[in-house]
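*Asks:* my_file12.pdb is reproduced below (PDB, C-alpha atoms).
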```pdb
MODEL        1
ATOM      1  CA  MET A   1       0.000   0.000   0.000
ATOM      2  CA  ASN A   2       1.361   3.408  -0.977
ATOM      3  CA  LEU A   3       1.732   5.608   2.107
ATOM      4  CA  PHE A   4       0.916   8.650  -0.031
ATOM      5  CA  LEU A   5      -2.390   7.455  -1.451
ATOM      6  CA  THR A   6      -5.445   8.267   0.651
ATOM      7  CA  ASP A   7      -9.048   7.732  -0.337
ATOM      8  CA  ASP A   8     -10.707  10.141   2.073
ATOM      9  CA  LYS A   9      -8.654  13.353   2.193
ATOM     10  CA  PRO A  10      -5.616  15.090   0.686
ATOM     11  CA  LEU A  11      -2.375  14.793   2.602
ATOM     12  CA  LEU A  12      -1.017  17.745   4.561
ATOM     13  CA  LEU A  13       2.736  17.532   5.092
ATOM     14  CA  LEU A  14       5.443  19.700   6.638
ATOM     15  CA  ALA A  15       8.261  20.406   4.171
ATOM     16  CA  PRO A  16      11.885  19.736   5.099
ATOM     17  CA  MET A  17      13.758  22.969   5.858
ATOM     18  CA  ALA A  18      17.387  23.091   6.961
ATOM     19  CA  GLY A  19      17.776  24.584  10.410
ATOM     20  CA  VAL A  20      14.006  24.622  10.980
ATOM     21  CA  THR A  21      12.313  21.227  10.794
ATOM     22  CA  ASP A  22      14.089  19.496  13.627
ATOM     23  CA  LEU A  23      12.299  17.039  15.894
ATOM     24  CA  ALA A  24      10.862  19.772  18.131
ATOM     25  CA  PHE A  25       9.254  21.680  15.275
ATOM     26  CA  ARG A  26       8.040  18.572  13.447
ATOM     27  CA  ARG A  27       6.424  17.287  16.623
ATOM     28  CA  LEU A  28       4.729  20.652  17.181
ATOM     29  CA  CYS A  29       3.339  20.841  13.633
ATOM     30  CA  ARG A  30       2.097  17.265  13.895
ATOM     31  CA  SER A  31       0.143  18.235  17.026
ATOM     32  CA  PHE A  32      -1.593  21.006  15.072
ATOM     33  CA  GLY A  33      -2.793  18.736  12.277
ATOM     34  CA  ALA A  34       0.057  17.962   9.888
ATOM     35  CA  ASP A  35      -0.257  14.397   8.605
ATOM     36  CA  GLY A  36       3.509  13.996   8.751
ATOM     37  CA  GLY A  37       6.789  15.673   7.990
ATOM     38  CA  VAL A  38      10.324  15.214   6.735
ATOM     39  CA  THR A  39      13.613  15.726   8.541
ATOM     40  CA  GLU A  40      16.126  18.400   7.681
ATOM     41  CA  MET A  41      18.264  17.245   4.760
ATOM     42  CA  VAL A  42      21.155  14.980   5.775
ATOM     43  CA  SER A  43      24.326  14.427   3.758
ATOM     44  CA  ALA A  44      24.572  10.838   2.557
ATOM     45  CA  LYS A  45      28.352  11.124   2.308
ATOM     46  CA  ALA A  46      28.653  12.500   5.853
ATOM     47  CA  LEU A  47      26.526   9.628   7.176
ATOM     48  CA  CYS A  48      28.797   7.117   5.495
ATOM     49  CA  PHE A  49      31.763   8.780   7.226
ATOM     50  CA  GLN A  50      29.916   8.456  10.571
ATOM     51  CA  ASP A  51      29.682  12.223  11.032
ATOM     52  CA  LYS A  52      28.174  12.846  14.469
ATOM     53  CA  LYS A  53      26.374  16.094  13.586
ATOM     54  CA  SER A  54      24.690  14.462  10.589
ATOM     55  CA  HIS A  55      23.423  11.579  12.708
ATOM     56  CA  GLU A  56      22.035  14.096  15.222
ATOM     57  CA  LEU A  57      19.614  15.297  12.521
ATOM     58  CA  CYS A  58      18.080  11.830  12.109
ATOM     59  CA  PRO A  59      16.119  10.860  15.263
ATOM     60  CA  ILE A  60      12.353  10.539  14.796
ATOM     61  CA  ALA A  61       9.866  10.448  17.692
ATOM     62  CA  ASP A  62       6.944   8.048  17.715
ATOM     63  CA  GLU A  63       4.408  10.841  18.255
ATOM     64  CA  GLU A  64       5.407  12.616  15.037
ATOM     65  CA  ARG A  65       5.043   9.620  12.736
ATOM     66  CA  PRO A  66       4.739   9.144   9.864
ATOM     67  CA  CYS A  67       7.979  10.983   9.136
ATOM     68  CA  GLY A  68      10.388  10.716   6.240
ATOM     69  CA  LEU A  69      14.155  11.129   6.428
ATOM     70  CA  GLN A  70      15.656  13.288   3.704
ATOM     71  CA  LEU A  71      19.036  12.481   2.193
ATOM     72  CA  PHE A  72      21.056  14.540  -0.237
ATOM     73  CA  GLY A  73      23.981  13.636  -2.458
ATOM     74  CA  HIS A  74      24.677  12.764  -6.090
ATOM     75  CA  GLU A  75      26.388   9.367  -5.986
ATOM     76  CA  PRO A  76      23.918   6.457  -6.290
ATOM     77  CA  GLU A  77      26.108   4.027  -4.333
ATOM     78  CA  THR A  78      26.674   6.517  -1.490
ATOM     79  CA  LEU A  79      22.990   7.342  -1.169
ATOM     80  CA  ALA A  80      22.124   3.645  -1.165
ATOM     81  CA  ALA A  81      24.719   2.976   1.536
ATOM     82  CA  ALA A  82      23.418   5.882   3.635
ATOM     83  CA  VAL A  83      20.034   4.173   3.905
ATOM     84  CA  GLY A  84      21.662   1.461   5.990
ATOM     85  CA  HIS A  85      23.226   4.040   8.293
ATOM     86  CA  VAL A  86      19.854   5.618   9.125
ATOM     87  CA  ALA A  87      17.878   2.391   9.509
ATOM     88  CA  ARG A  88      18.150   2.524  13.308
ATOM     89  CA  HIS A  89      16.103   5.735  13.308
ATOM     90  CA  ARG A  90      13.208   3.822  11.685
ATOM     91  CA  PRO A  91      12.090   6.460   9.176
ATOM     92  CA  ASP A  92       8.705   5.827   7.586
ATOM     93  CA  TRP A  93      10.104   6.659   4.176
ATOM     94  CA  ILE A  94      13.285   7.922   2.532
ATOM     95  CA  ASP A  95      13.082  11.282   0.759
ATOM     96  CA  LEU A  96      15.708  12.280  -1.801
ATOM     97  CA  ASN A  97      16.519  15.985  -2.078
ATOM     98  CA  MET A  98      16.714  16.959  -5.730
ATOM     99  CA  GLY A  99      15.420  20.495  -5.312
ATOM    100  CA  CYS A 100      17.608  22.456  -2.869
ATOM    101  CA  PRO A 101      18.557  25.725  -4.626
ATOM    102  CA  VAL A 102      21.344  26.864  -2.272
ATOM    103  CA  HIS A 103      24.626  27.580  -4.083
ATOM    104  CA  LYS A 104      26.790  25.534  -1.704
ATOM    105  CA  VAL A 105      24.646  22.460  -2.321
ATOM    106  CA  VAL A 106      24.167  22.940  -6.073
ATOM    107  CA  SER A 107      27.867  23.664  -6.684
ATOM    108  CA  SER A 108      28.682  20.242  -5.223
ATOM    109  CA  GLY A 109      26.364  18.569  -7.719
ATOM    110  CA  ASP A 110      23.638  17.946  -5.152
ATOM    111  CA  GLY A 111      20.089  19.234  -4.668
ATOM    112  CA  SER A 112      18.545  20.794  -7.751
ATOM    113  CA  ALA A 113      21.796  20.252  -9.703
ATOM    114  CA  LEU A 114      20.560  16.663 -10.180
ATOM    115  CA  MET A 115      17.779  17.984 -12.416
ATOM    116  CA  ARG A 116      20.404  18.571 -15.104
ATOM    117  CA  SER A 117      20.498  14.793 -15.583
ATOM    118  CA  PRO A 118      17.220  12.858 -15.497
ATOM    119  CA  ALA A 119      19.253   9.711 -16.216
ATOM    120  CA  LEU A 120      21.183  10.208 -12.968
ATOM    121  CA  ILE A 121      17.913  10.784 -11.117
ATOM    122  CA  ARG A 122      16.647   7.444 -12.414
ATOM    123  CA  GLU A 123      19.883   5.723 -11.348
ATOM    124  CA  ILE A 124      19.837   7.239  -7.855
ATOM    125  CA  VAL A 125      16.215   6.361  -7.169
ATOM    126  CA  SER A 126      16.764   2.837  -8.466
ATOM    127  CA  ALA A 127      19.803   2.334  -6.234
ATOM    128  CA  VAL A 128      18.069   3.657  -3.116
ATOM    129  CA  SER A 129      14.869   1.713  -3.811
ATOM    130  CA  ALA A 130      16.912  -1.480  -4.114
ATOM    131  CA  ALA A 131      18.600  -0.742  -0.777
ATOM    132  CA  THR A 132      15.443  -0.396   1.337
ATOM    133  CA  PRO A 133      11.938  -1.841   1.654
ATOM    134  CA  LEU A 134      10.718   1.630   2.674
ATOM    135  CA  PRO A 135       8.859   3.933   0.290
ATOM    136  CA  VAL A 136      11.188   6.309  -1.564
ATOM    137  CA  THR A 137      10.127   9.826  -2.516
ATOM    138  CA  VAL A 138      11.775  12.580  -4.513
ATOM    139  CA  LYS A 139      11.550  16.342  -4.015
ATOM    140  CA  LEU A 140      12.026  18.350  -7.212
ATOM    141  CA  ARG A 141      11.826  21.948  -8.385
ATOM    142  CA  ALA A 142      10.273  23.146 -11.639
ATOM    143  CA  GLY A 143      13.674  23.111 -13.328
ATOM    144  CA  ILE A 144      17.181  24.555 -13.398
ATOM    145  CA  GLY A 145      19.285  26.781 -15.631
ATOM    146  CA  GLY A 146      16.341  28.164 -17.562
ATOM    147  CA  VAL A 147      15.089  24.669 -18.421
ATOM    148  CA  VAL A 148      11.710  23.719 -16.941
ATOM    149  CA  ASN A 149      12.039  19.939 -16.947
ATOM    150  CA  ALA A 150      10.222  18.770 -13.835
ATOM    151  CA  VAL A 151       8.072  16.465 -15.966
ATOM    152  CA  GLU A 152      11.071  14.705 -17.489
ATOM    153  CA  CYS A 153      12.761  14.400 -14.088
ATOM    154  CA  ALA A 154       9.583  13.114 -12.435
ATOM    155  CA  VAL A 155       9.144  10.460 -15.104
ATOM    156  CA  ALA A 156      12.755   9.387 -14.570
ATOM    157  CA  ALA A 157      12.173   9.204 -10.818
ATOM    158  CA  GLU A 158       9.076   7.062 -11.306
ATOM    159  CA  GLU A 159      10.992   4.753 -13.655
ATOM    160  CA  GLY A 160      13.617   4.393 -10.929
ATOM    161  CA  GLY A 161      10.976   3.290  -8.446
ATOM    162  CA  ALA A 162       9.837   6.461  -6.665
ATOM    163  CA  ASP A 163       6.637   5.989  -4.665
ATOM    164  CA  ALA A 164       5.689   9.679  -4.659
ATOM    165  CA  ILE A 165       7.029  12.979  -5.977
ATOM    166  CA  VAL A 166       6.950  16.428  -4.394
ATOM    167  CA  VAL A 167       7.221  19.379  -6.768
ATOM    168  CA  HIS A 168       8.077  22.927  -5.707
ATOM    169  CA  GLY A 169       6.680  25.141  -8.430
ATOM    170  CA  ARG A 170       9.749  27.348  -8.883
ATOM    171  CA  THR A 171      13.011  26.844 -10.739
ATOM    172  CA  ARG A 172      16.311  26.727  -8.916
ATOM    173  CA  GLU A 173      17.117  30.285 -10.044
ATOM    174  CA  GLN A 174      13.794  31.649  -8.782
ATOM    175  CA  MET A 175      14.611  30.473  -5.249
ATOM    176  CA  TYR A 176      11.464  31.644  -3.372
ATOM    177  CA  ALA A 177      10.123  34.364  -5.673
ATOM    178  CA  PRO A 178       8.092  35.150  -7.763
ATOM    179  CA  SER A 179       4.895  33.177  -7.146
ATOM    180  CA  ALA A 180       5.079  29.422  -7.527
ATOM    181  CA  ASP A 181       3.900  27.965 -10.822
ATOM    182  CA  TRP A 182       1.333  25.319  -9.963
ATOM    183  CA  GLU A 183       0.804  24.554 -13.655
ATOM    184  CA  ILE A 184       4.065  22.628 -13.773
ATOM    185  CA  ILE A 185       2.849  20.577 -10.808
ATOM    186  CA  ARG A 186      -0.327  19.735 -12.724
ATOM    187  CA  ARG A 187       1.754  18.642 -15.728
ATOM    188  CA  VAL A 188       3.874  16.391 -13.537
ATOM    189  CA  ARG A 189       0.769  14.879 -11.974
ATOM    190  CA  GLU A 190      -0.602  14.081 -15.435
ATOM    191  CA  ALA A 191       2.694  12.543 -16.564
ATOM    192  CA  VAL A 192       3.218  10.034 -13.740
ATOM    193  CA  SER A 193       1.079   7.428 -12.027
ATOM    194  CA  VAL A 194       2.508   7.837  -8.512
ATOM    195  CA  PRO A 195       1.076  10.443  -6.102
ATOM    196  CA  VAL A 196       2.286  14.030  -6.567
ATOM    197  CA  ILE A 197       2.451  16.528  -3.686
ATOM    198  CA  ALA A 198       2.185  20.269  -4.399
ATOM    199  CA  ASN A 199       4.718  22.593  -2.741
ATOM    200  CA  GLY A 200       5.287  26.346  -3.001
ATOM    201  CA  ASP A 201       3.081  29.195  -1.738
ATOM    202  CA  ILE A 202       0.876  26.916   0.354
ATOM    203  CA  ASP A 203       0.447  29.704   2.875
ATOM    204  CA  SER A 204      -3.269  29.664   3.731
ATOM    205  CA  PRO A 205      -6.276  27.325   3.748
ATOM    206  CA  GLU A 206      -7.497  29.008   0.566
ATOM    207  CA  ALA A 207      -4.158  28.437  -1.160
ATOM    208  CA  ALA A 208      -4.162  24.774  -0.169
ATOM    209  CA  LEU A 209      -7.629  24.263  -1.639
ATOM    210  CA  ARG A 210      -6.683  26.092  -4.854
ATOM    211  CA  ALA A 211      -3.500  24.056  -5.213
ATOM    212  CA  ILE A 212      -5.398  20.779  -4.912
ATOM    213  CA  GLU A 213      -8.049  21.976  -7.371
ATOM    214  CA  GLN A 214      -5.599  23.332  -9.948
ATOM    215  CA  THR A 215      -3.068  20.506  -9.846
ATOM    216  CA  GLY A 216      -5.060  17.432  -8.875
ATOM    217  CA  ALA A 217      -2.271  16.668  -6.396
ATOM    218  CA  ALA A 218      -2.661  14.025  -3.706
ATOM    219  CA  GLY A 219      -1.765  16.585  -1.091
ATOM    220  CA  VAL A 220       0.122  19.739  -0.203
ATOM    221  CA  MET A 221       3.420  20.395   1.555
ATOM    222  CA  VAL A 222       3.793  23.522   3.677
ATOM    223  CA  GLY A 223       7.215  25.098   4.082
ATOM    224  CA  ARG A 224       8.191  28.669   5.013
ATOM    225  CA  ALA A 225       4.609  29.705   5.845
ATOM    226  CA  ALA A 226       4.741  27.388   8.864
ATOM    227  CA  MET A 227       7.733  29.128  10.448
ATOM    228  CA  GLY A 228       6.419  30.689  13.643
ATOM    229  CA  ASN A 229       2.954  29.611  12.548
ATOM    230  CA  PRO A 230       2.243  25.926  13.289
ATOM    231  CA  PHE A 231      -1.393  27.029  13.707
ATOM    232  CA  LEU A 232      -1.579  27.078   9.901
ATOM    233  CA  PHE A 233      -1.846  23.296   9.877
ATOM    234  CA  ALA A 234      -5.036  23.343  11.948
ATOM    235  CA  ALA A 235      -6.591  25.849   9.559
ATOM    236  CA  ILE A 236      -5.564  23.971   6.400
ATOM    237  CA  ARG A 237      -6.651  20.635   7.863
ATOM    238  CA  ALA A 238     -10.095  22.083   8.615
ATOM    239  CA  ALA A 239     -10.374  23.448   5.070
ATOM    240  CA  LEU A 240      -9.335  20.147   3.494
ATOM    241  CA  ASP A 241     -11.849  18.317   5.685
ATOM    242  CA  GLY A 242     -14.641  20.761   4.786
ATOM    243  CA  ARG A 243     -14.976  22.061   8.351
ATOM    244  CA  ASP A 244     -15.239  25.626   9.625
ATOM    245  CA  LEU A 245     -11.865  27.277  10.081
ATOM    246  CA  PRO A 246     -10.636  27.719  13.652
ATOM    247  CA  PRO A 247     -10.266  31.310  14.872
ATOM    248  CA  PRO A 248      -6.802  32.845  14.440
ATOM    249  CA  PRO A 249      -4.630  32.420  17.527
ATOM    250  CA  SER A 250      -4.496  35.262  20.024
ATOM    251  CA  VAL A 251      -1.179  36.825  20.946
ATOM    252  CA  ALA A 252      -1.320  34.937  24.241
ATOM    253  CA  GLU A 253      -1.794  31.646  22.388
ATOM    254  CA  ARG A 254       1.062  32.366  19.988
ATOM    255  CA  LEU A 255       3.376  33.119  22.894
ATOM    256  CA  ARG A 256       2.202  30.041  24.801
ATOM    257  CA  VAL A 257       3.054  27.822  21.847
ATOM    258  CA  ALA A 258       6.377  29.603  21.338
ATOM    259  CA  ARG A 259       7.249  28.814  24.956
ATOM    260  CA  LEU A 260       6.346  25.128  24.537
ATOM    261  CA  HIS A 261       8.288  24.916  21.282
ATOM    262  CA  ILE A 262      11.472  26.489  22.621
ATOM    263  CA  ARG A 263      11.387  24.555  25.880
ATOM    264  CA  ASP A 264      11.176  21.361  23.834
ATOM    265  CA  LEU A 265      14.047  22.608  21.689
ATOM    266  CA  VAL A 266      16.188  23.213  24.782
ATOM    267  CA  ALA A 267      15.261  19.826  26.247
ATOM    268  CA  LEU A 268      16.486  18.164  23.069
ATOM    269  CA  LYS A 269      19.616  20.210  22.388
ATOM    270  CA  GLY A 270      20.619  21.835  25.648
ATOM    271  CA  GLU A 271      20.194  25.476  26.607
ATOM    272  CA  ARG A 272      23.122  26.909  24.634
ATOM    273  CA  ARG A 273      22.328  25.275  21.303
ATOM    274  CA  GLY A 274      18.588  25.419  21.808
ATOM    275  CA  MET A 275      18.543  29.144  22.535
ATOM    276  CA  LEU A 276      20.747  29.940  19.559
ATOM    277  CA  GLN A 277      18.167  28.282  17.326
ATOM    278  CA  ALA A 278      15.311  29.829  19.330
ATOM    279  CA  ARG A 279      16.395  33.286  18.184
ATOM    280  CA  SER A 280      15.127  32.649  14.659
ATOM    281  CA  HIS A 281      11.946  30.948  15.835
ATOM    282  CA  MET A 282      11.073  33.794  18.198
ATOM    283  CA  GLY A 283      11.558  36.284  15.392
ATOM    284  CA  TRP A 284       8.978  34.376  13.370
ATOM    285  CA  TYR A 285       6.535  34.008  16.276
ATOM    286  CA  LEU A 286       6.717  37.752  17.006
ATOM    287  CA  LYS A 287       6.139  38.828  13.401
ATOM    288  CA  GLY A 288       3.142  41.127  13.073
ATOM    289  CA  MET A 289       2.697  41.694  16.802
ATOM    290  CA  ARG A 290       2.582  45.146  18.366
ATOM    291  CA  GLY A 291       6.144  46.297  19.080
ATOM    292  CA  ALA A 292       7.507  43.445  16.966
ATOM    293  CA  ALA A 293      10.560  45.320  15.662
ATOM    294  CA  SER A 294      11.969  45.985  19.148
ATOM    295  CA  LEU A 295      10.996  42.557  20.449
ATOM    296  CA  ARG A 296      12.561  40.783  17.491
ATOM    297  CA  GLU A 297      15.791  42.720  17.955
ATOM    298  CA  ARG A 298      15.884  41.529  21.563
ATOM    299  CA  SER A 299      15.166  37.965  20.485
ATOM    300  CA  CYS A 300      18.420  38.009  18.475
ATOM    301  CA  HIS A 301      20.346  38.052  21.756
ATOM    302  CA  LEU A 302      18.548  35.289  23.658
ATOM    303  CA  THR A 303      20.870  32.944  25.555
ATOM    304  CA  THR A 304      18.764  31.482  28.387
ATOM    305  CA  LEU A 305      15.268  30.269  29.148
ATOM    306  CA  GLU A 306      15.110  32.983  31.796
ATOM    307  CA  GLY A 307      15.680  35.575  29.096
ATOM    308  CA  LEU A 308      12.996  33.943  26.975
ATOM    309  CA  GLU A 309      10.464  34.224  29.804
ATOM    310  CA  ALA A 310      11.238  37.937  30.211
ATOM    311  CA  LEU A 311      10.782  38.491  26.474
ATOM    312  CA  LEU A 312       7.484  36.605  26.392
ATOM    313  CA  GLU A 313       6.175  38.549  29.366
ATOM    314  CA  GLU A 314       7.051  41.860  27.745
ATOM    315  CA  ALA A 315       5.496  40.800  24.420
ATOM    316  CA  LEU A 316       2.267  39.941  26.222
ATOM    317  CA  LEU A 317       2.189  43.292  28.037
ATOM    318  CA  VAL A 318       2.932  45.285  24.868
ATOM    319  CA  SER A 319       0.144  43.443  23.056
ATOM    320  CA  GLY A 320      -2.430  44.628  25.591
ATOM    321  CA  GLU A 321      -3.447  41.060  26.413
ATOM    322  CA  GLY A 322      -1.263  40.801  29.496
TER     323      GLY A 322
ENDMDL
END
```
Take the structure in the file and write it out as structure tokens.

*Replies:*
Amino acid sequence: MNLFLTDDKPLLLLAPMAGVTDLAFRRLCRSFGADGGVTEMVSAKALCFQDKKSHELCPIADEERPCGLQLFGHEPETLAAAVGHVARHRPDWIDLNMGCPVHKVVSSGDGSALMRSPALIREIVSAVSAATPLPVTVKLRAGIGGVVNAVECAVAAEEGGADAIVVHGRTREQMYAPSADWEIIRRVREAVSVPVIANGDIDSPEAALRAIEQTGAAGVMVGRAAMGNPFLFAAIRAALDGRDLPPPPSVAERLRVARLHIRDLVALKGERRGMLQARSHMGWYLKGMRGAASLRERSCHLTTLEGLEALLEEALLVSGEG
């Protein structure tokens, strides 16, 4: 049975984002209605060299399942070997990153650079599929280098044995602007028989519904719009289920969830590392609040949970809800 085929409702997934979708954030988004998520991307080569930091990205908690583990690289044999190194983390599927647009990744031949060679995509997916009984998925962009070839790459991935394909409707050069092109996602969906997930500009319940309608995708994947806004999953889930949307969260609720999120982050990574990462998350949680500019500047200097509590208290007072 294909994990990505559902008869009753479209899938709602959290996209993998480096430095963002760690266990704490994935678990939080799952609690708000995401059907699952994917880890931050992990270097297949680093895993094969037993790199400690790479292995630290891999743990998956039972309460966040189903969850995929995303690998990146460009050597079929290395990616296949990496699957064995992550088996102890019991991922529910293996996701192959073929869409990352960041220069450092692309210049090494990884991420969206793979879209220059559909034949290599086919070879990689085939090698990984042969190395694991788990479902294997591929995350693509619309194209690279002025060539919009997501359809050709998706077909190659399916021929290699991919069980589902995620398409971000922008080329590598477009990064995250202008608006995503959902038409290319529709064309991919029509060209392959495996489920296709729509990604790019899924930033509201209305956008999720439009994406499903326009592309015929089996589901949607939410990325940057979820940063500081895990509540978005509850709203999208309600829309996909045909229910009334929940009310937007109050400032007090946003700050309550921020506290829970960052405390979980610290519990997992320790106060020093956790608070360094909390700086970005707090900036996203505070966005749009009264006095946000000053509060966000202060959040850039957080080092302790005590400092976090002081910031949250001030944010609540400034909002008028305290």

*Asks:* What does the PyMOL selection byres ((chain A and resi 147) around 12) select in this file, as a list in words?

*Replies:* Ser112, Ala113, Met115, Arg116, Ser117, Arg141, Ala142, Gly143, Ile144, Gly145, Gly146, Val148, Asn149, Ala150, Val151, Glu152, Cys153, Arg170, Thr171, Arg172, Glu173 and Gln174 of chain A

*Asks:* The selected residues should be written to file as a tab-separated table (two decimals), in the coordinates of the input (atoms: C-alpha atoms).

*Replies:*
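Written out: again.tsv:
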```
chain	number	residue	atom	x	y	z
A	112	SER	CA	18.55	20.79	-7.75
A	113	ALA	CA	21.80	20.25	-9.70
A	115	MET	CA	17.78	17.98	-12.42
A	116	ARG	CA	20.40	18.57	-15.10
A	117	SER	CA	20.50	14.79	-15.58
A	141	ARG	CA	11.83	21.95	-8.38
A	142	ALA	CA	10.27	23.15	-11.64
A	143	GLY	CA	13.67	23.11	-13.33
A	144	ILE	CA	17.18	24.56	-13.40
A	145	GLY	CA	19.28	26.78	-15.63
A	146	GLY	CA	16.34	28.16	-17.56
A	148	VAL	CA	11.71	23.72	-16.94
A	149	ASN	CA	12.04	19.94	-16.95
A	150	ALA	CA	10.22	18.77	-13.84
A	151	VAL	CA	8.07	16.46	-15.97
A	152	GLU	CA	11.07	14.70	-17.49
A	153	CYS	CA	12.76	14.40	-14.09
A	170	ARG	CA	9.75	27.35	-8.88
A	171	THR	CA	13.01	26.84	-10.74
A	172	ARG	CA	16.31	26.73	-8.92
A	173	GLU	CA	17.12	30.28	-10.04
A	174	GLN	CA	13.79	31.65	-8.78
```

*Asks:* Just to confirm, what's the straight-line distance from CA of Gln277 (chain A) to CA of Ser31 (chain A) in Å (one decimal)?

*Replies:*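 Atom-to-atom, CA of Gln277 (chain A) and CA of Ser31 (chain A) are spaced 20.6 Å apart.
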
*Asks:* Separation of CA of Glu253 (chain A) and CA of Ala208 (chain A), in Å?

*Replies:*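 Going from CA of Glu253 (chain A) over to CA of Ala208 (chain A) covers 23.7 Å.
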
*Asks:* Tell me, as an mmCIF file with C-alpha atoms, in the frame of the given file, which residues lie within 10 Å of Val128 (chain A), counting all atoms listed in the file; anything in the same chain fewer than 3 positions away does not count.

*Replies:*
```cif
data_model
loop_
_atom_site.group_PDB
_atom_site.id
_atom_site.type_symbol
_atom_site.label_atom_id
_atom_site.label_comp_id
_atom_site.auth_asym_id
_atom_site.auth_seq_id
_atom_site.Cartn_x
_atom_site.Cartn_y
_atom_site.Cartn_z
ATOM 1 C CA PRO A 76 23.918 6.457 -6.290
ATOM 2 C CA GLU A 77 26.108 4.027 -4.333
ATOM 3 C CA THR A 78 26.674 6.517 -1.490
ATOM 4 C CA LEU A 79 22.990 7.342 -1.169
ATOM 5 C CA ALA A 80 22.124 3.645 -1.165
ATOM 6 C CA ALA A 81 24.719 2.976 1.536
ATOM 7 C CA ALA A 82 23.418 5.882 3.635
ATOM 8 C CA VAL A 83 20.034 4.173 3.905
ATOM 9 C CA ILE A 94 13.285 7.922 2.532
ATOM 10 C CA ASP A 95 13.082 11.282 0.759
ATOM 11 C CA LEU A 96 15.708 12.280 -1.801
ATOM 12 C CA GLU A 123 19.883 5.723 -11.348
ATOM 13 C CA ILE A 124 19.837 7.239 -7.855
ATOM 14 C CA VAL A 125 16.215 6.361 -7.169
ATOM 15 C CA ALA A 131 18.600 -0.742 -0.777
ATOM 16 C CA THR A 132 15.443 -0.396 1.337
ATOM 17 C CA PRO A 133 11.938 -1.841 1.654
ATOM 18 C CA LEU A 134 10.718 1.630 2.674
ATOM 19 C CA PRO A 135 8.859 3.933 0.290
ATOM 20 C CA VAL A 136 11.188 6.309 -1.564
ATOM 21 C CA GLY A 160 13.617 4.393 -10.929
ATOM 22 C CA GLY A 161 10.976 3.290 -8.446
ATOM 23 C CA ALA A 162 9.837 6.461 -6.665
#
```

*Asks:* Listed atoms of region 217-236 of chain A, axis-aligned box, 8 Å per side: centre and edge lengths to one decimal in Å, as JSON?

*Replies:*
```
{"center_x": 0.8, "center_y": 22.4, "center_z": 3.7, "size_x": 30.8, "size_y": 32.7, "size_z": 36.1}
```

*Asks:* Just so the selection is clear, what residues does the PyMOL selection byres ((chain A and resi 228-241) around 10) cover here, as number ranges by chain?

*Replies:* A: 8-14, 25-26, 28-35, 202-209, 212, 219-220, 222, 224-227, 242-249, 253-254, 257-258, 261, 280-287

*Asks:* Could the residues in this selection be written to a file with C-alpha atoms, as a compact mmCIF listing (two decimals), in the coordinates of the input?

*Replies:*
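Wrote part-v4.txt, looks like this:
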```
# COMPACT_ATOMS: atom_id res chain seq x y z
CA ASP A 8 -10.71 10.14 2.07
CA LYS A 9 -8.65 13.35 2.19
CA PRO A 10 -5.62 15.09 0.69
CA LEU A 11 -2.38 14.79 2.60
CA LEU A 12 -1.02 17.74 4.56
CA LEU A 13 2.74 17.53 5.09
CA LEU A 14 5.44 19.70 6.64
CA PHE A 25 9.25 21.68 15.28
CA ARG A 26 8.04 18.57 13.45
CA LEU A 28 4.73 20.65 17.18
CA CYS A 29 3.34 20.84 13.63
CA ARG A 30 2.10 17.26 13.90
CA SER A 31 0.14 18.24 17.03
CA PHE A 32 -1.59 21.01 15.07
CA GLY A 33 -2.79 18.74 12.28
CA ALA A 34 0.06 17.96 9.89
CA ASP A 35 -0.26 14.40 8.60
CA ILE A 202 0.88 26.92 0.35
CA ASP A 203 0.45 29.70 2.88
CA SER A 204 -3.27 29.66 3.73
CA PRO A 205 -6.28 27.32 3.75
CA GLU A 206 -7.50 29.01 0.57
CA ALA A 207 -4.16 28.44 -1.16
CA ALA A 208 -4.16 24.77 -0.17
CA LEU A 209 -7.63 24.26 -1.64
CA ILE A 212 -5.40 20.78 -4.91
CA GLY A 219 -1.76 16.58 -1.09
CA VAL A 220 0.12 19.74 -0.20
CA VAL A 222 3.79 23.52 3.68
CA ARG A 224 8.19 28.67 5.01
CA ALA A 225 4.61 29.70 5.84
CA ALA A 226 4.74 27.39 8.86
CA MET A 227 7.73 29.13 10.45
CA GLY A 242 -14.64 20.76 4.79
CA ARG A 243 -14.98 22.06 8.35
CA ASP A 244 -15.24 25.63 9.62
CA LEU A 245 -11.86 27.28 10.08
CA PRO A 246 -10.64 27.72 13.65
CA PRO A 247 -10.27 31.31 14.87
CA PRO A 248 -6.80 32.84 14.44
CA PRO A 249 -4.63 32.42 17.53
CA GLU A 253 -1.79 31.65 22.39
CA ARG A 254 1.06 32.37 19.99
CA VAL A 257 3.05 27.82 21.85
CA ALA A 258 6.38 29.60 21.34
CA HIS A 261 8.29 24.92 21.28
CA SER A 280 15.13 32.65 14.66
CA HIS A 281 11.95 30.95 15.84
CA MET A 282 11.07 33.79 18.20
CA GLY A 283 11.56 36.28 15.39
CA TRP A 284 8.98 34.38 13.37
CA TYR A 285 6.54 34.01 16.28
CA LEU A 286 6.72 37.75 17.01
CA LYS A 287 6.14 38.83 13.40
```

*Asks:* What is the CA of Lys139 (chain A)-CA of Val192 (chain A) distance in Å, reported with one decimal?

*Replies:* 14.3 Å

*Asks:* Quick one: which residues end up in the PyMOL selection byres ((chain A and resi 17) around 10) for this structure, as a ChimeraX atom specification?

*Replies:* /A:14-16,18-22,38-41,100,223-224,227

*Asks:* I need the residue nearest Glu63 (chain A) from this list: A:Arg279, A:Gly37, A:Leu255, A:Asp51. Use all atoms listed in the file for the distance.

*Replies:*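 Of A:Arg279, A:Gly37, A:Leu255, A:Asp51, the one nearest Glu63 (chain A), counting all atoms listed in the file, is A:Gly37.
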
*Asks:* Would you tabulate, counting only C-alpha atoms, all residues of region 212-289 of chain A that have an atom at most 8 Å from an atom of region 303-315 of chain A, showing the closest pair of atoms and their distance in Å to one decimal, sorted by chain then ascending number, as a Markdown table?

*Replies:*
```
| residue | atom | partner | partner_atom | distance |
| --- | --- | --- | --- | --- |
| A:Leu255 | CA | A:Leu312 | CA | 6.4 |
| A:Arg259 | CA | A:Leu312 | CA | 7.9 |
| A:Arg263 | CA | A:Leu305 | CA | 7.6 |
| A:Glu271 | CA | A:Thr304 | CA | 6.4 |
| A:Arg272 | CA | A:Thr303 | CA | 6.5 |
| A:Met275 | CA | A:Thr303 | CA | 5.4 |
| A:Leu276 | CA | A:Thr303 | CA | 6.7 |
```
